[in-house]
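Student: Here it is, the structure, as C-alpha cells.
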Amino acid sequence: MPVRWASPPKSESELAIRAEALAGQTLGQLAARCEVVPPPDLRRHKGWVGSLMEALLGASAGSKAEADFPELGIELK
C-alpha cells in the first residue's frame, strides 16, 4: 500500500494534536488524505488500519523492532 507519510512529530503534544485531529473521520476519509484506497474487506488486510494510522501520525519505525515514535519513546497501540 503506497502511503504518503507525515513527518515524525517533534513532541508528545504534537502527536496528541495529530491524533485528536483524526477523531470523527471514517477510514475512507483518512485513507483519502494519504491518497490510498481502503481494501474492500479489512478481515483480509489486518495490518492496514495500523499502517494507515502510522502514516497519518508520522510514525518512523516502520517494521523495525522499536517504538513507533523512537524519537519520543512512544509505541502506538
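In the C-alpha cells, the first chain shown is A, the next is B, and so on; residue numbers restart at 1 for each chain, and ligands run from 1 in the order shown.
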List the spatial neighbours of Glu12 (chain A) as a PyMOL selection string - criterion: any atom at most 9 Å away, only C-alpha atoms, same-chain residues fewer than 4 positions off excluded.

Tutor: chain A and resi 16-17+72+74

Student: Skip Leu15 (chain A) itself and residues of its chain fewer than 6 positions away, then list as a PyMOL selection string all residues within 10 Å of it, counting only C-alpha atoms.

Tutor: chain A and resi 8-9+21+57-59+69+72+74

Student: For the atom pair CA of Glu75 (chain A) and CA of Pro39 (chain A), what is the interatomic distance in Å to one decimal place?

Tutor: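 Here the two named atoms are 24.9 Å from each other.
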
Student: Name the residues of chain A that come out as alpha helix (DSSP H) in a backbone DSSP run; write them as a ChimeraX atom specification.

Tutor: /A:12-22,27-33,48-57

Student: With N, CA, C and O atoms retained, write the just-selected residues as a compact mmCIF listing (two decimals), in the first residue's frame.

Tutor:
```
# COMPACT_ATOMS: atom_id res chain seq x y z
N GLU A 12 5.39 15.05 22.22
CA GLU A 12 4.18 14.31 22.59
C GLU A 12 2.93 15.13 22.34
O GLU A 12 1.92 14.60 21.88
N SER A 13 3.01 16.42 22.60
CA SER A 13 1.83 17.27 22.40
C SER A 13 1.49 17.37 20.91
O SER A 13 0.30 17.37 20.55
N GLU A 14 2.48 17.43 20.04
CA GLU A 14 2.21 17.45 18.60
C GLU A 14 1.56 16.13 18.17
O GLU A 14 0.62 16.13 17.37
N LEU A 15 2.03 15.01 18.70
CA LEU A 15 1.43 13.71 18.40
C LEU A 15 -0.02 13.66 18.87
O LEU A 15 -0.91 13.20 18.15
N ALA A 16 -0.29 14.17 20.06
CA ALA A 16 -1.65 14.20 20.60
C ALA A 16 -2.56 15.06 19.73
O ALA A 16 -3.71 14.68 19.46
N ILE A 17 -2.07 16.19 19.28
CA ILE A 17 -2.86 17.07 18.42
C ILE A 17 -3.19 16.36 17.11
O ILE A 17 -4.33 16.41 16.62
N ARG A 18 -2.22 15.66 16.54
CA ARG A 18 -2.46 14.91 15.31
C ARG A 18 -3.51 13.83 15.53
O ARG A 18 -4.40 13.63 14.70
N ALA A 19 -3.40 13.11 16.64
CA ALA A 19 -4.35 12.03 16.94
C ALA A 19 -5.76 12.60 17.11
O ALA A 19 -6.74 12.04 16.59
N GLU A 20 -5.89 13.69 17.83
CA GLU A 20 -7.20 14.31 18.04
C GLU A 20 -7.81 14.79 16.73
O GLU A 20 -9.02 14.75 16.54
N ALA A 21 -6.98 15.21 15.79
CA ALA A 21 -7.47 15.69 14.50
C ALA A 21 -8.08 14.56 13.66
O ALA A 21 -8.85 14.82 12.74
N LEU A 22 -7.76 13.31 13.99
CA LEU A 22 -8.30 12.17 13.26
C LEU A 22 -9.69 11.76 13.76
O LEU A 22 -10.43 11.08 13.05
N LEU A 27 -12.57 5.72 8.07
CA LEU A 27 -11.33 5.20 7.49
C LEU A 27 -11.19 5.64 6.04
O LEU A 27 -10.09 5.92 5.57
N GLY A 28 -12.30 5.70 5.33
CA GLY A 28 -12.27 6.16 3.94
C GLY A 28 -11.78 7.59 3.83
O GLY A 28 -10.99 7.92 2.93
N GLN A 29 -12.25 8.45 4.71
CA GLN A 29 -11.80 9.84 4.70
C GLN A 29 -10.31 9.94 5.03
O GLN A 29 -9.57 10.70 4.41
N LEU A 30 -9.89 9.16 6.02
CA LEU A 30 -8.48 9.19 6.41
C LEU A 30 -7.60 8.63 5.30
O LEU A 30 -6.52 9.15 5.03
N ALA A 31 -8.06 7.58 4.64
CA ALA A 31 -7.30 6.99 3.54
C ALA A 31 -7.14 8.00 2.40
O ALA A 31 -6.08 8.08 1.78
N ALA A 32 -8.18 8.76 2.13
CA ALA A 32 -8.13 9.76 1.07
C ALA A 32 -7.03 10.79 1.35
O ALA A 32 -6.37 11.27 0.42
N ARG A 33 -6.81 11.10 2.63
CA ARG A 33 -5.75 12.05 2.98
C ARG A 33 -4.38 11.51 2.61
O ARG A 33 -3.45 12.27 2.33
N TRP A 48 -3.76 -3.17 7.80
CA TRP A 48 -3.99 -1.96 7.01
C TRP A 48 -4.32 -0.75 7.88
O TRP A 48 -3.76 0.32 7.67
N VAL A 49 -5.21 -0.90 8.84
CA VAL A 49 -5.61 0.24 9.67
C VAL A 49 -4.42 0.76 10.46
O VAL A 49 -4.20 1.97 10.54
N GLY A 50 -3.63 -0.14 11.03
CA GLY A 50 -2.45 0.29 11.78
C GLY A 50 -1.46 1.03 10.91
O GLY A 50 -0.90 2.06 11.30
N SER A 51 -1.24 0.54 9.69
CA SER A 51 -0.33 1.21 8.76
C SER A 51 -0.85 2.59 8.39
O SER A 51 -0.07 3.55 8.28
N LEU A 52 -2.15 2.70 8.20
CA LEU A 52 -2.75 3.99 7.89
C LEU A 52 -2.55 4.97 9.04
O LEU A 52 -2.15 6.12 8.83
N MET A 53 -2.79 4.52 10.27
CA MET A 53 -2.61 5.40 11.43
C MET A 53 -1.15 5.81 11.57
O MET A 53 -0.86 6.98 11.87
N GLU A 54 -0.23 4.89 11.37
CA GLU A 54 1.19 5.22 11.44
C GLU A 54 1.54 6.30 10.42
O GLU A 54 2.29 7.23 10.72
N ALA A 55 1.01 6.16 9.21
CA ALA A 55 1.29 7.14 8.17
C ALA A 55 0.75 8.51 8.54
O ALA A 55 1.43 9.52 8.39
N LEU A 56 -0.48 8.55 9.02
CA LEU A 56 -1.12 9.82 9.36
C LEU A 56 -0.46 10.50 10.55
O LEU A 56 -0.38 11.73 10.60
N LEU A 57 0.00 9.71 11.49
CA LEU A 57 0.58 10.28 12.71
C LEU A 57 2.08 10.55 12.58
O LEU A 57 2.66 11.25 13.41
```
